[in-house]
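Below is my_file_12.txt, which holds compact mmCIF, C-alpha atoms.
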# COMPACT_ATOMS: atom_id res chain seq x y z
CA MET A 1 -0.67 -57.01 -51.75
CA ASN A 2 -4.29 -57.55 -50.73
CA GLN A 3 -4.36 -61.29 -49.95
CA LEU A 4 -4.26 -62.83 -46.48
CA VAL A 5 -2.15 -65.86 -45.45
CA ARG A 6 -3.55 -69.29 -44.39
CA ARG A 7 -2.04 -69.99 -40.95
CA LEU A 8 -4.84 -71.43 -38.78
CA GLY A 9 -5.56 -75.14 -38.22
CA VAL A 10 -8.52 -76.77 -36.43
CA PRO A 11 -7.27 -76.13 -32.85
CA ASP A 12 -6.54 -72.47 -33.60
CA ALA A 13 -9.91 -71.99 -35.28
CA VAL A 14 -11.75 -73.65 -32.37
CA LEU A 15 -9.90 -71.47 -29.86
CA ILE A 16 -10.78 -68.30 -31.76
CA GLY A 17 -14.41 -69.44 -31.73
CA LEU A 18 -14.24 -70.13 -27.99
CA GLY A 19 -12.58 -66.78 -27.36
CA SER A 20 -15.38 -65.07 -29.29
CA MET A 21 -18.19 -66.78 -27.36
CA LEU A 22 -16.97 -67.43 -23.83
CA GLY A 23 -17.71 -64.49 -21.61
CA ALA A 24 -20.46 -62.61 -23.37
CA GLY A 25 -23.31 -64.83 -22.17
CA VAL A 26 -21.95 -65.89 -18.81
CA PHE A 27 -20.84 -62.47 -17.62
CA VAL A 28 -23.25 -60.10 -19.37
CA VAL A 29 -26.51 -61.65 -20.61
CA PHE A 30 -27.66 -64.13 -17.95
CA GLY A 31 -29.25 -61.46 -15.74
CA PRO A 32 -31.34 -59.67 -18.41
CA ALA A 33 -32.23 -63.00 -20.01
CA ALA A 34 -33.47 -64.39 -16.68
CA ALA A 35 -35.55 -61.23 -16.17
CA ALA A 36 -37.11 -61.62 -19.62
CA ALA A 37 -37.71 -65.37 -19.37
CA GLY A 38 -39.06 -65.41 -15.83
CA GLY A 39 -38.14 -68.26 -13.49
CA SER A 40 -36.99 -71.50 -15.08
CA GLY A 41 -37.68 -70.12 -18.55
CA LEU A 42 -33.95 -69.31 -18.68
CA LEU A 43 -32.99 -72.93 -19.36
CA PRO A 44 -35.37 -73.56 -22.30
CA ALA A 45 -34.42 -70.13 -23.68
CA LEU A 46 -30.75 -71.10 -23.52
CA ALA A 47 -31.46 -74.44 -25.21
CA LEU A 48 -33.48 -72.67 -27.94
CA ALA A 49 -30.73 -70.12 -28.55
CA GLY A 50 -28.18 -72.94 -28.71
CA PHE A 51 -30.27 -74.94 -31.17
CA ILE A 52 -30.76 -71.99 -33.51
CA ALA A 53 -27.05 -71.25 -33.24
CA PHE A 54 -26.36 -74.88 -34.20
CA CYS A 55 -28.61 -74.54 -37.27
CA ASN A 56 -26.75 -71.36 -38.20
CA ALA A 57 -23.39 -73.01 -37.55
CA THR A 58 -24.26 -75.86 -39.90
CA SER A 59 -25.23 -73.40 -42.65
CA SER A 60 -22.15 -71.25 -41.97
CA ALA A 61 -19.81 -74.24 -42.13
CA ARG A 62 -21.24 -75.43 -45.46
CA LEU A 63 -20.95 -71.99 -46.98
CA ALA A 64 -17.51 -71.24 -45.54
CA ALA A 65 -16.16 -74.49 -46.96
CA ARG A 66 -17.57 -73.55 -50.38
CA TYR A 67 -16.35 -69.91 -50.21
CA PRO A 68 -13.21 -69.87 -48.03
CA GLU A 69 -12.49 -66.15 -48.00
CA SER A 70 -12.89 -63.23 -45.62
CA GLY A 71 -16.33 -61.71 -45.24
CA GLY A 72 -18.63 -64.49 -44.04
CA THR A 73 -22.29 -64.07 -45.03
CA TYR A 74 -21.52 -60.87 -46.90
CA VAL A 75 -19.74 -63.09 -49.43
CA TYR A 76 -22.23 -65.97 -49.21
CA GLY A 77 -25.23 -63.68 -49.69
CA ARG A 78 -23.68 -62.07 -52.75
CA GLU A 79 -22.77 -65.40 -54.31
CA ARG A 80 -26.01 -67.26 -53.58
CA LEU A 81 -28.73 -64.59 -53.30
CA GLY A 82 -27.38 -61.54 -55.11
CA PRO A 83 -25.40 -58.38 -54.29
CA PHE A 84 -28.22 -56.68 -52.34
CA ALA A 85 -28.67 -59.61 -49.92
CA GLY A 86 -24.92 -59.72 -49.43
CA PHE A 87 -24.79 -56.01 -48.70
CA VAL A 88 -27.61 -56.20 -46.13
CA ALA A 89 -25.81 -59.07 -44.41
CA GLY A 90 -22.49 -57.27 -44.38
CA TRP A 91 -24.05 -54.00 -43.24
CA GLY A 92 -25.98 -55.77 -40.47
CA PHE A 93 -22.86 -57.59 -39.32
CA VAL A 94 -20.68 -54.48 -39.28
CA VAL A 95 -23.12 -52.21 -37.41
CA GLY A 96 -24.30 -54.96 -35.05
CA LYS A 97 -20.86 -56.19 -34.17
CA THR A 98 -19.53 -52.66 -33.81
CA ALA A 99 -22.23 -52.14 -31.18
CA SER A 100 -21.25 -55.48 -29.65
CA CYS A 101 -17.59 -54.40 -29.48
CA ALA A 102 -18.67 -51.27 -27.63
CA ALA A 103 -20.78 -53.35 -25.21
CA MET A 104 -17.84 -55.65 -24.50
CA ALA A 105 -15.45 -52.74 -23.96
CA LEU A 106 -17.88 -51.06 -21.56
CA THR A 107 -18.27 -54.34 -19.69
CA ILE A 108 -14.50 -54.51 -19.19
CA GLY A 109 -14.57 -50.99 -17.80
CA THR A 110 -17.50 -51.72 -15.50
CA TYR A 111 -15.79 -54.76 -13.98
CA LEU A 112 -12.32 -53.26 -13.62
CA TRP A 113 -13.06 -49.66 -12.61
CA PRO A 114 -16.78 -48.80 -12.38
CA GLY A 115 -16.09 -45.12 -11.69
CA GLN A 116 -14.11 -44.71 -14.92
CA ALA A 117 -15.74 -47.38 -17.08
CA ARG A 118 -15.62 -45.40 -20.33
CA LEU A 119 -11.95 -44.49 -19.92
CA VAL A 120 -11.00 -48.12 -19.28
CA ALA A 121 -13.16 -49.21 -22.23
CA VAL A 122 -11.33 -46.86 -24.61
CA ALA A 123 -7.98 -48.14 -23.33
CA ALA A 124 -9.15 -51.73 -23.89
CA VAL A 125 -10.14 -51.00 -27.51
CA VAL A 126 -6.76 -49.38 -28.20
CA ALA A 127 -4.84 -52.29 -26.63
CA VAL A 128 -6.81 -55.01 -28.43
CA THR A 129 -6.51 -53.22 -31.77
CA ALA A 130 -2.75 -53.03 -31.29
CA VAL A 131 -2.63 -56.83 -30.80
CA ASN A 132 -4.78 -57.50 -33.88
CA LEU A 133 -2.63 -55.21 -36.03
CA ARG A 134 0.36 -57.46 -35.33
CA GLY A 135 -1.24 -60.28 -37.31
CA ILE A 136 -3.73 -63.15 -37.02
CA GLY A 137 -1.04 -65.39 -35.52
CA LYS A 138 -0.76 -62.97 -32.60
CA THR A 139 -4.57 -62.94 -32.27
CA ALA A 140 -4.68 -66.76 -32.05
CA THR A 141 -1.84 -66.86 -29.50
CA ALA A 142 -3.44 -64.23 -27.29
CA THR A 143 -6.81 -66.00 -27.54
CA LYS A 144 -5.28 -69.30 -26.34
CA LEU A 145 -4.02 -67.61 -23.18
CA LEU A 146 -7.34 -65.86 -22.54
CA VAL A 147 -9.44 -69.00 -23.09
CA GLY A 148 -7.31 -70.98 -20.63
CA LEU A 149 -7.72 -68.35 -17.92
CA VAL A 150 -11.46 -68.02 -18.51
CA LEU A 151 -12.07 -71.77 -18.36
CA ALA A 152 -10.23 -71.89 -15.02
CA VAL A 153 -12.42 -69.11 -13.58
CA LEU A 154 -15.66 -70.67 -14.86
CA ALA A 155 -14.63 -74.05 -13.40
CA LEU A 156 -13.98 -72.32 -10.07
CA VAL A 157 -17.48 -70.79 -10.08
CA ALA A 158 -19.10 -74.13 -10.93
CA VAL A 159 -17.21 -76.06 -8.24
CA VAL A 160 -17.79 -73.42 -5.55
CA GLY A 161 -21.48 -73.20 -6.47
CA VAL A 162 -22.02 -76.97 -6.39
CA VAL A 163 -20.01 -77.59 -3.20
CA GLY A 164 -20.88 -74.52 -1.17
CA GLY A 165 -24.01 -73.06 -2.80
CA PRO A 166 -25.73 -75.39 -2.53
CA VAL A 167 -27.53 -75.90 -5.85
CA ASP A 168 -31.20 -76.29 -4.93
CA PRO A 169 -32.97 -78.42 -7.59
CA ALA A 170 -36.30 -76.92 -6.53
CA ARG A 171 -35.18 -73.52 -7.84
CA LEU A 172 -34.73 -74.99 -11.31
CA GLY A 173 -38.48 -75.62 -11.43
CA ASP A 174 -39.60 -72.12 -10.45
CA PRO A 175 -42.60 -70.99 -12.52
CA GLY A 176 -41.43 -69.96 -15.99
CA GLY A 177 -42.35 -66.89 -17.98
CA SER A 178 -44.59 -66.55 -20.99
CA GLY A 179 -43.75 -67.96 -24.39
CA ARG A 180 -42.94 -64.43 -25.57
CA GLY A 181 -40.61 -63.99 -22.58
CA VAL A 182 -38.72 -67.16 -23.43
CA LEU A 183 -38.32 -65.99 -27.05
CA THR A 184 -37.06 -62.59 -25.86
CA ALA A 185 -34.57 -64.26 -23.54
CA ALA A 186 -33.44 -66.61 -26.31
CA GLY A 187 -32.82 -63.62 -28.58
CA LEU A 188 -30.68 -61.95 -25.92
CA LEU A 189 -28.82 -65.20 -25.18
CA PHE A 190 -28.12 -65.66 -28.89
CA PHE A 191 -25.78 -62.68 -28.48
CA ALA A 192 -23.57 -65.06 -26.48
CA PHE A 193 -23.31 -67.73 -29.20
CA ALA A 194 -22.58 -65.58 -32.23
CA GLY A 195 -18.80 -65.93 -31.91
CA TYR A 196 -18.68 -69.20 -33.86
CA ALA A 197 -19.04 -67.18 -37.06
CA ARG A 198 -15.66 -65.62 -36.38
CA ILE A 199 -14.20 -68.86 -37.71
CA ALA A 200 -16.04 -68.33 -40.99
CA THR A 201 -15.12 -64.64 -41.28
CA LEU A 202 -11.47 -65.70 -40.93
CA GLY A 203 -11.94 -68.26 -43.72
CA GLU A 204 -9.19 -66.81 -45.89
CA GLU A 205 -6.64 -67.45 -43.11
CA VAL A 206 -7.61 -71.09 -42.35
CA ARG A 207 -5.57 -74.00 -43.72
CA GLU A 208 -7.57 -76.61 -45.67
CA PRO A 209 -10.84 -74.68 -45.17
CA GLU A 210 -13.03 -77.42 -46.70
CA ARG A 211 -11.91 -79.74 -43.88
CA THR A 212 -11.08 -77.33 -41.05
CA ILE A 213 -14.16 -75.09 -40.95
CA PRO A 214 -16.89 -77.81 -40.85
CA ARG A 215 -15.01 -79.43 -37.94
CA ALA A 216 -14.13 -76.29 -35.98
CA VAL A 217 -17.50 -74.51 -36.04
CA PRO A 218 -19.75 -77.20 -34.43
CA LEU A 219 -16.97 -78.27 -32.06
CA ALA A 220 -16.52 -74.75 -30.67
CA LEU A 221 -20.29 -74.25 -30.42
CA GLY A 222 -20.86 -77.59 -28.66
CA ILE A 223 -18.19 -76.88 -26.04
CA VAL A 224 -19.64 -73.45 -25.28
CA LEU A 225 -23.24 -74.69 -25.10
CA ALA A 226 -22.25 -77.35 -22.56
CA ILE A 227 -20.42 -74.75 -20.44
CA TYR A 228 -23.33 -72.28 -20.61
CA LEU A 229 -25.91 -74.90 -19.62
CA ALA A 230 -23.82 -76.07 -16.66
CA LEU A 231 -23.29 -72.53 -15.38
CA ALA A 232 -26.94 -71.58 -15.94
CA VAL A 233 -28.02 -74.55 -13.79
CA VAL A 234 -25.53 -73.57 -11.06
CA ALA A 235 -26.49 -69.88 -11.12
CA LEU A 236 -30.23 -70.58 -11.13
CA GLY A 237 -29.91 -73.31 -8.50
CA VAL A 238 -27.83 -71.17 -6.12
CA LEU A 239 -29.41 -67.73 -6.58
CA GLY A 240 -32.97 -68.54 -7.63
CA ALA A 241 -34.80 -66.88 -10.51
CA ASP A 242 -35.55 -63.52 -8.88
CA ARG A 243 -32.06 -62.89 -7.54
CA LEU A 244 -30.46 -63.99 -10.80
CA ALA A 245 -32.73 -61.66 -12.79
CA ALA A 246 -31.70 -58.71 -10.60
CA SER A 247 -27.98 -59.51 -10.62
CA ALA A 248 -25.49 -57.36 -12.52
CA ALA A 249 -22.67 -59.87 -11.87
CA PRO A 250 -24.34 -63.28 -11.48
CA LEU A 251 -21.23 -65.45 -11.27
CA ALA A 252 -19.64 -63.20 -8.66
CA ASP A 253 -22.93 -63.41 -6.72
CA VAL A 254 -22.85 -67.22 -6.93
CA VAL A 255 -19.45 -67.26 -5.23
CA THR A 256 -20.61 -64.78 -2.60
CA ALA A 257 -23.80 -66.79 -1.93
CA ALA A 258 -21.67 -69.91 -1.50
CA GLY A 259 -19.92 -68.24 1.44
CA LEU A 260 -16.69 -67.25 -0.29
CA PRO A 261 -17.04 -63.51 -1.01
CA GLY A 262 -13.26 -63.17 -1.02
CA LEU A 263 -13.20 -65.01 -4.36
CA ALA A 264 -15.54 -62.49 -6.01
CA TRP A 265 -12.55 -60.41 -7.13
CA VAL A 266 -11.18 -63.48 -8.94
CA VAL A 267 -14.46 -63.81 -10.82
CA ARG A 268 -14.47 -60.11 -11.68
CA ALA A 269 -10.92 -60.34 -12.98
CA GLY A 270 -11.93 -63.45 -14.95
CA ALA A 271 -14.87 -61.54 -16.42
CA ALA A 272 -12.56 -58.78 -17.63
CA VAL A 273 -10.22 -61.38 -19.17
CA ALA A 274 -13.12 -63.24 -20.83
CA VAL A 275 -14.64 -60.14 -22.36
CA THR A 276 -11.21 -58.99 -23.55
CA GLY A 277 -10.97 -62.27 -25.46
CA VAL A 278 -14.39 -61.66 -27.00
CA LEU A 279 -13.39 -58.14 -27.98
CA LEU A 280 -10.13 -59.38 -29.51
CA SER A 281 -11.91 -61.76 -31.87
CA LEU A 282 -14.86 -59.43 -32.55
CA LEU A 283 -12.66 -56.61 -33.79
CA ALA A 284 -10.73 -59.04 -36.02
CA GLY A 285 -13.97 -60.37 -37.55
CA VAL A 286 -15.52 -56.95 -38.20
CA GLY A 287 -12.30 -55.71 -39.79
CA ARG A 288 -12.28 -58.61 -42.23
CA THR A 289 -15.90 -58.07 -43.21
CA LEU A 290 -15.05 -54.43 -43.94
CA LEU A 291 -12.14 -55.71 -46.05
CA ALA A 292 -14.46 -57.94 -48.09
CA MET A 293 -17.01 -55.14 -48.61
CA ALA A 294 -14.30 -52.68 -49.61
CA ARG A 295 -12.86 -55.15 -52.14
CA ARG A 296 -16.22 -55.11 -53.92
CA ARG A 297 -16.59 -51.33 -53.56
CA ASP A 298 -19.64 -51.55 -51.32
CA LEU A 299 -17.52 -49.48 -48.93
CA PRO A 300 -14.61 -47.12 -49.76
CA GLY A 301 -11.86 -49.00 -51.60
CA ALA A 302 -9.16 -47.57 -49.30
CA LEU A 303 -10.35 -49.99 -46.59
CA ALA A 304 -9.29 -52.97 -48.74
CA ALA A 305 -5.59 -52.46 -48.00
CA VAL A 306 -3.64 -55.33 -46.36
CA HIS A 307 -0.49 -54.50 -44.39
CA PRO A 308 2.59 -55.67 -46.35
CA THR A 309 4.38 -57.05 -43.25
CA HIS A 310 1.70 -58.23 -40.83
CA ARG A 311 -0.81 -59.25 -43.53
CA VAL A 312 -3.84 -57.79 -41.77
CA PRO A 313 -6.51 -55.35 -43.05
CA HIS A 314 -5.01 -52.54 -40.99
CA ARG A 315 -7.07 -49.64 -42.33
CA ALA A 316 -10.33 -51.52 -41.82
CA GLU A 317 -9.38 -52.48 -38.26
CA LEU A 318 -8.37 -48.90 -37.40
CA ALA A 319 -11.67 -47.62 -38.82
CA VAL A 320 -13.67 -50.10 -36.72
CA ALA A 321 -11.69 -49.19 -33.59
CA ALA A 322 -12.39 -45.49 -34.13
CA VAL A 323 -16.16 -46.04 -34.45
CA VAL A 324 -16.21 -48.34 -31.41
CA ILE A 325 -14.48 -45.67 -29.33
CA VAL A 326 -17.14 -43.13 -30.32
CA VAL A 327 -19.94 -45.55 -29.34
CA VAL A 328 -18.14 -46.33 -26.06
CA LEU A 329 -18.08 -42.63 -25.18
CA LEU A 330 -21.77 -42.11 -26.03
CA GLY A 331 -23.57 -45.47 -25.68
CA ASP A 332 -25.11 -47.87 -23.13
CA VAL A 333 -24.33 -51.57 -22.60
CA ARG A 334 -27.90 -52.91 -22.50
CA ASP A 335 -29.06 -51.00 -25.56
CA ALA A 336 -25.95 -52.11 -27.47
CA ILE A 337 -26.64 -55.79 -26.67
CA GLY A 338 -30.26 -55.67 -27.87
CA PHE A 339 -29.37 -53.73 -31.02
CA SER A 340 -26.51 -56.11 -31.81
CA ALA A 341 -28.70 -59.19 -31.28
CA CYS A 342 -31.36 -57.87 -33.69
CA THR A 343 -29.02 -57.03 -36.57
CA VAL A 344 -26.95 -60.18 -36.17
CA LEU A 345 -30.05 -62.40 -36.19
CA VAL A 346 -31.00 -60.85 -39.53
CA TYR A 347 -27.45 -61.56 -40.71
CA TYR A 348 -27.86 -65.25 -39.84
CA ALA A 349 -31.29 -65.39 -41.43
CA ILE A 350 -29.54 -64.47 -44.69
CA THR A 351 -26.87 -67.12 -43.92
CA ASN A 352 -29.53 -69.83 -43.73
CA ALA A 353 -31.32 -68.57 -46.83
CA ALA A 354 -28.03 -68.72 -48.75
CA ALA A 355 -27.30 -72.23 -47.48
CA LEU A 356 -30.72 -73.44 -48.65
CA THR A 357 -29.68 -72.67 -52.23
CA LEU A 358 -26.82 -75.18 -51.98
CA GLY A 359 -29.28 -78.07 -52.14
CA ARG A 360 -28.92 -81.39 -50.36
CA ASP A 361 -25.53 -82.69 -49.30
CA PRO A 362 -25.47 -86.50 -49.62
CA ALA A 363 -22.09 -86.67 -47.88
CA ARG A 364 -23.58 -85.38 -44.61
CA ARG A 365 -25.71 -87.41 -42.25
CA LEU A 366 -27.42 -84.37 -40.76
CA PRO A 367 -30.56 -83.10 -42.55
CA VAL A 368 -28.80 -79.87 -43.47
CA GLN A 369 -31.69 -78.51 -45.55
CA ALA A 370 -34.11 -78.87 -42.65
CA LEU A 371 -31.62 -77.25 -40.27
CA GLY A 372 -31.21 -74.33 -42.66
CA GLY A 373 -34.97 -73.82 -42.83
CA LEU A 374 -35.34 -74.02 -39.05
CA GLY A 375 -32.45 -71.60 -38.62
CA LEU A 376 -34.02 -69.09 -41.02
CA VAL A 377 -37.40 -69.14 -39.27
CA GLY A 378 -35.80 -69.20 -35.81
CA CYS A 379 -33.60 -66.17 -36.47
CA LEU A 380 -36.51 -64.04 -37.67
CA LEU A 381 -38.71 -65.21 -34.78
CA LEU A 382 -36.12 -64.28 -32.17
CA ALA A 383 -35.34 -60.96 -33.84
CA VAL A 384 -38.93 -59.68 -33.79
CA ASN A 385 -39.44 -60.80 -30.17
CA LEU A 386 -36.53 -58.77 -28.79
CA PRO A 387 -37.37 -55.62 -26.74
CA LEU A 388 -39.26 -53.14 -28.91
CA GLY A 389 -36.54 -50.48 -28.80
CA SER A 390 -33.95 -52.96 -30.04
CA VAL A 391 -36.22 -54.13 -32.88
CA LEU A 392 -36.97 -50.56 -34.04
CA ALA A 393 -33.33 -49.48 -33.86
CA GLY A 394 -32.03 -52.63 -35.53
CA PHE A 395 -34.44 -52.69 -38.45
CA GLY A 396 -34.19 -48.90 -38.76
CA VAL A 397 -30.42 -49.02 -39.26
CA LEU A 398 -30.78 -51.93 -41.71
CA ALA A 399 -33.33 -49.86 -43.66
CA VAL A 400 -30.93 -46.89 -43.78
CA GLY A 401 -28.20 -49.15 -45.18
CA ALA A 402 -30.58 -50.64 -47.75
CA ALA A 403 -31.73 -47.18 -48.85
CA TRP A 404 -28.12 -46.03 -49.25
CA TYR A 405 -27.35 -49.11 -51.34
CA ALA A 406 -30.39 -48.51 -53.54
CA LEU A 407 -29.52 -44.85 -54.13
CA ARG A 408 -25.88 -45.67 -54.88
CA HIS A 409 -26.62 -48.46 -57.36
CA HIS A 410 -29.85 -47.26 -58.96
CA GLY A 411 -29.79 -43.51 -58.45

Using the file provided, produce a representation of the structure as structure tokens.
Amino acid sequence: MNQLVRRLGVPDAVLIGLGSMLGAGVFVVFGPAAAAAGGSGLLPALALAGFIAFCNATSSARLAARYPESGGTYVYGRERLGPFAGFVAGWGFVVGKTASCAAMALTIGTYLWPGQARLVAVAAVVAVTAVNLRGIGKTATATKLLVGLVLAVLALVAVVGVVGGPVDPARLGDPGGSGRGVLTAAGLLFFAFAGYARIATLGEEVREPERTIPRAVPLALGIVLAIYLALAVVALGVLGADRLAASAAPLADVVTAAGLPGLAWVVRAGAAVAVTGVLLSLLAGVGRTLLAMARRRDLPGALAAVHPTHRVPHRAELAVAAVVIVVVLLGDVRDAIGFSACTVLVYYAITNAAALTLGRDPARRLPVQALGGLGLVGCLLLAVNLPLGSVLAGFGVLAVGAAWYALRHHG
């Protein structure tokens, strides 16, 4: 009893992708990214992050259609580049996304009850894990509700900002930062797009994966990119570059600047809902990568168990939840975001490298080989231009994993 059930169609897969992406960038990353980019550098950084995410999405969709099983690039790397590349990808995904889960949980706590942020974060992890343990159908249903609420809140912010802000076009042309600053900001903003891969990591639970995944991945990414660009223009146009860079809650500040501070609580509640949706899908994706690694004995085989009733990798999900709770009690949101971005960019670099081995696809109009090459170079470029502490921590943990693999297999 270690196989999952195919239940998800295109709409469900798109919604899980939206639930994974919406929230992280809008509510968490815009401020630090604006500070790194300087002035109007935020918009080109966002476009660059979106383009690299699109390259990665194209490679992910091709690979997921070829290998429709849980595990994402851990599986693709093993199949196309060898077991070591697959392990590095899986290890990077697990440690990076575990840090990301902790960052999301802490964000929920900060918005809902700043004085007891860690306590609320632990409660959020427990609640979300309980939902995921009920089955992927429950995860998709909960995500639909969360995405609907989040879209309503983001629409409210955009309308209030445009009508009452007002959006000052002159602020969009404020002097930008250096090229390095734009690359740093793009690396941080990439953190907000990485949710599209959740569709691929759930590949074993998608109906007709050869048809569903290539449609769902770019569709979810395109919707989110359009929303992010619109909100970035509103936030930058209403607040200006300096105020946006200093803001801990930029969308709440947009509403306040527009003369409606009474609506700020709605935005804060929406932020908590959005990030809960991200956390819901993140924990599901990490659990399934652990399942795939355990099946191949790269991690303890006990984690490969699938619940006989709910058909979920329950031991893997409980293990992830336990580690996230430890990080929540000890860690910091900003450090977790930078660390996660670094390791996940390496993960996608391996995705693109694996996709390049598939060769040309005459059935596709897009130049998929060129996109894979651009994605590979772009991921590595963004990773090394992140803040120095994030780069050292990210590559250090990847090196520890690689050394453990080498000792285990060649010792």

- Which of these, A:Val10, A:Asp335, A:Val162, A:Ala45, has the shortest distance to Arg180 in chain A once you count only C-alpha atoms?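 For Arg180 in chain A, the nearest of the candidates is A:Ala45.
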
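With distances restricted to all atoms listed in the file, A:Leu329 is the closest residue to Val122 in chain A from A:Leu388, A:Leu329, A:Ala304, A:Leu398.
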
Give me the residues of range 176-292 of chain A that have any atom at most 12 Å from an atom of range 129-134 of chain A; for each, the nearest atom pair and the distance in Å, rounded to one decimal. Use all atoms listed in the file, sort by chain and number, and format it as CSV.
residue,atom,partner,partner_atom,distance
A:Thr276,CA,A:Thr129,CA,11.1
A:Gly277,CA,A:Val131,CA,11.3
A:Leu279,CA,A:Thr129,CA,9.3
A:Leu280,CA,A:Asn132,CA,7.2
A:Ser281,CA,A:Asn132,CA,8.5
A:Leu282,CA,A:Asn132,CA,10.3
A:Leu283,CA,A:Thr129,CA,7.3
A:Ala284,CA,A:Asn132,CA,6.5
A:Gly285,CA,A:Asn132,CA,10.3
A:Val286,CA,A:Asn132,CA,11.6
A:Gly287,CA,A:Asn132,CA,9.7
A:Arg288,CA,A:Asn132,CA,11.3

- Pick from A:Lys97, A:Arg243, A:Arg295, A:Arg215, whichever lies nearest to Ala321 in chain A using all atoms listed in the file: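 Closest to Ala321 in chain A of all the choices is A:Lys97.
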
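Distance annotation: of A:Ala246, A:Ala274, A:Ala102, A:Ala230, the residue with the minimal separation from Leu151 in chain A is A:Ala274; atom set is only C-alpha atoms.
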
- Note on the structure: Atom pair CA of Thr110 in chain A + CA of Ala269 in chain A, distance 11.1 Å

- Message: I want to know what sits within 12 Å of Trp404 in chain A, based on all atoms listed in the file, with residues of the same chain fewer than 6 positions away left out; could you give that as an NGL selection string?
- Response: :A and (84 or 87-88 or 91 or 298-299 or 397-398 or 410-411)

- For Arg296 in chain A, the nearest of the candidates A:Gly259, A:Pro209, A:Gly90, A:Gly31, counting only C-alpha atoms: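 When distances to Arg296 in chain A are compared using only C-alpha atoms, the smallest one comes from A:Gly90.
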